Protein chains: 2
Amino acid sequence: METIRHNVVIKTSPEKVYQAVTTQEGIASWWCKQTTAKPELGFMNIFTFGTFRNEMKVAELSDNKRTEWECIQSIEEWMGTRISFDLEERNGNTLLRFTHGGWKAATDMFAVCNYDWARFISSLKTFCETGTGEPA
Amino acid sequence: METIRHNVVIKTSPEKVYQAVTTQEGIASWWCKQTTAKPELGFMNIFTFGTFRNEMKVAELSDNKRTEWECIQSIEEWMGTRISFDLEERNGNTLLRFTHGGWKAATDMFAVCNYDWARFISSLKTFCETGTGEPA
């Protein structure tokens, strides 16, 4: 199994980053404008990019520390993969450890998504630090 | 062994991207301002970021298609790793497949570098497409 991993320090509290990665308003501000999401275990988040619809079940929630989504419906290579956000307080800032794991192989699509995730994680950082992200 | 992989389409010819990833002037424009480099097999490229000095031997060169560097001197986790740029023409544009392979483990440093490489590959894309990159 292959895993995409991005670590970055976000200059704000874990509480603020947790809001950004668990609430509908938060996620819509840095990743996917057409988001239906709830910070509720088992809730089916839906992220739509044009005709590309993703259903991701909230599989883990730990207040201000971690959330994980399980990909239930998406493109074939994403099926069954899991996306997680781990937050650790570092001198008043937040170390984010992002992963998208469970890929069957490190394909061209994996390498495209790795590049794209970095851009969205950068958008998340900018949103948390300035209030403005670059969602798709 | 773990490998960082980023794929991105750059809207210019493979010739132009090849110049950007093999010549001193090119690399200094998107990655490392303090670069000594030559498109010559076996040449020791030197990339300096403040006190962080990297010596990378040009291990492969294939005109307008591919180059690979072998990391000879750097931080411990980079020692012996290899960085490659593969270029493929796609309808007048270039598909870049970037890899940084040979990592012993997917550590926190690996995840930091994965994020940072995406930002520099984005800088390479911008430099090739507009003439202005964001080197460190």
# chains A, B, ... in the order shown; residues from 1 in each chain; ligands from 1

$ interface_residues --of "chain A" --to "chain B" --cutoff "8 Å" --atoms "only C-alpha atoms" --output "list in words"
Arg5, His6, Asn7, Val8, Arg97, Asp108, Phe110, Ala111, Val112, Asn114, Tyr115, Ala118 and Arg119 of chain A

$ write_last_selection --atoms "N, CA, C and O atoms" --output "PDB file, in the first residue's frame"
ATOM      1  N   ARG A   5       1.957  11.659   2.061  1.00  0.00           N
ATOM      2  CA  ARG A   5       2.184  12.284   3.371  1.00  0.00           C
ATOM      3  C   ARG A   5       2.672  13.706   3.184  1.00  0.00           C
ATOM      4  O   ARG A   5       3.647  13.931   2.464  1.00  0.00           O
ATOM      5  N   HIS A   6       2.005  14.650   3.847  1.00  0.00           N
ATOM      6  CA  HIS A   6       2.473  16.038   3.851  1.00  0.00           C
ATOM      7  C   HIS A   6       2.467  16.556   5.278  1.00  0.00           C
ATOM      8  O   HIS A   6       1.435  16.472   5.956  1.00  0.00           O
ATOM      9  N   ASN A   7       3.595  17.074   5.738  1.00  0.00           N
ATOM     10  CA  ASN A   7       3.657  17.748   7.040  1.00  0.00           C
ATOM     11  C   ASN A   7       3.875  19.234   6.820  1.00  0.00           C
ATOM     12  O   ASN A   7       4.714  19.621   5.996  1.00  0.00           O
ATOM     13  N   VAL A   8       3.153  20.035   7.585  1.00  0.00           N
ATOM     14  CA  VAL A   8       3.397  21.474   7.516  1.00  0.00           C
ATOM     15  C   VAL A   8       2.974  22.121   8.833  1.00  0.00           C
ATOM     16  O   VAL A   8       2.040  21.646   9.500  1.00  0.00           O
ATOM     17  N   ARG A  97      -0.061  16.760  10.279  1.00  0.00           N
ATOM     18  CA  ARG A  97       0.406  15.589   9.515  1.00  0.00           C
ATOM     19  C   ARG A  97      -0.792  15.093   8.708  1.00  0.00           C
ATOM     20  O   ARG A  97      -1.752  14.578   9.269  1.00  0.00           O
ATOM     21  N   ASP A 108       0.669   7.010 -11.869  1.00  0.00           N
ATOM     22  CA  ASP A 108       0.691   8.413 -12.318  1.00  0.00           C
ATOM     23  C   ASP A 108      -0.374   9.222 -11.582  1.00  0.00           C
ATOM     24  O   ASP A 108      -0.134  10.372 -11.204  1.00  0.00           O
ATOM     25  N   PHE A 110      -1.522   8.714  -8.589  1.00  0.00           N
ATOM     26  CA  PHE A 110      -0.993   8.931  -7.236  1.00  0.00           C
ATOM     27  C   PHE A 110      -0.075  10.155  -7.224  1.00  0.00           C
ATOM     28  O   PHE A 110      -0.171  11.021  -6.356  1.00  0.00           O
ATOM     29  N   ALA A 111       0.802  10.246  -8.223  1.00  0.00           N
ATOM     30  CA  ALA A 111       1.777  11.350  -8.274  1.00  0.00           C
ATOM     31  C   ALA A 111       1.095  12.683  -8.590  1.00  0.00           C
ATOM     32  O   ALA A 111       1.514  13.736  -8.100  1.00  0.00           O
ATOM     33  N   VAL A 112       0.036  12.637  -9.396  1.00  0.00           N
ATOM     34  CA  VAL A 112      -0.750  13.849  -9.674  1.00  0.00           C
ATOM     35  C   VAL A 112      -1.456  14.296  -8.387  1.00  0.00           C
ATOM     36  O   VAL A 112      -1.424  15.478  -8.010  1.00  0.00           O
ATOM     37  N   ASN A 114      -0.679  13.588  -5.321  1.00  0.00           N
ATOM     38  CA  ASN A 114       0.302  14.028  -4.324  1.00  0.00           C
ATOM     39  C   ASN A 114       0.626  15.508  -4.522  1.00  0.00           C
ATOM     40  O   ASN A 114       0.635  16.297  -3.572  1.00  0.00           O
ATOM     41  N   TYR A 115       0.866  15.862  -5.790  1.00  0.00           N
ATOM     42  CA  TYR A 115       1.134  17.272  -6.121  1.00  0.00           C
ATOM     43  C   TYR A 115      -0.084  18.141  -5.769  1.00  0.00           C
ATOM     44  O   TYR A 115       0.059  19.187  -5.122  1.00  0.00           O
ATOM     45  N   ALA A 118      -0.665  18.751  -1.994  1.00  0.00           N
ATOM     46  CA  ALA A 118       0.243  19.769  -1.423  1.00  0.00           C
ATOM     47  C   ALA A 118      -0.321  21.161  -1.660  1.00  0.00           C
ATOM     48  O   ALA A 118      -0.249  22.025  -0.784  1.00  0.00           O
ATOM     49  N   ARG A 119      -0.886  21.370  -2.841  1.00  0.00           N
ATOM     50  CA  ARG A 119      -1.444  22.684  -3.149  1.00  0.00           C
ATOM     51  C   ARG A 119      -2.667  22.962  -2.269  1.00  0.00           C
ATOM     52  O   ARG A 119      -2.851  24.080  -1.799  1.00  0.00           O
TER      53      ARG A 119
END

$ residues_around --residues "B:Ile72" --least-positions-apart "2" --cutoff "10 Å" --atoms "only C-alpha atoms" --output "count of residues only"
15

$ closest_residue --among "A:Pro135, A:Lys65, A:Phe127, A:Pro14" --to "A:Thr48" --atoms "only C-alpha atoms"
A:Pro135

$ residues_around --residues "B:Lys38" --least-positions-apart "3" --cutoff "7 Å" --atoms "only C-alpha atoms" --output "PyMOL selection string"
chain B and resi 22-24+43+45

$ closest_residue --among "B:Met1, B:Gly92, B:Ile46, B:Ile10" --to "B:Glu129" --atoms "only C-alpha atoms"
B:Ile10

$ select_by_dssp --residues "chain A" --states "alpha helix (DSSP H)" --output "NGL selection string"
:A and (14-22 or 24-30 or 108-130)

$ residues_around --residues "A:Glu89" --least-positions-apart "5" --cutoff "8 Å" --atoms "only C-alpha atoms" --output "NGL selection string"
:A and (13-14 or 94-95)

$ write_last_selection --atoms "C-alpha atoms" --output "compact mmCIF listing (two decimals), in the first residue's frame"
# COMPACT_ATOMS: atom_id res chain seq x y z
CA SER A 13 -4.09 26.84 17.21
CA PRO A 14 -5.06 23.17 16.72
CA THR A 94 0.00 23.47 14.86
CA LEU A 95 1.99 20.72 13.18
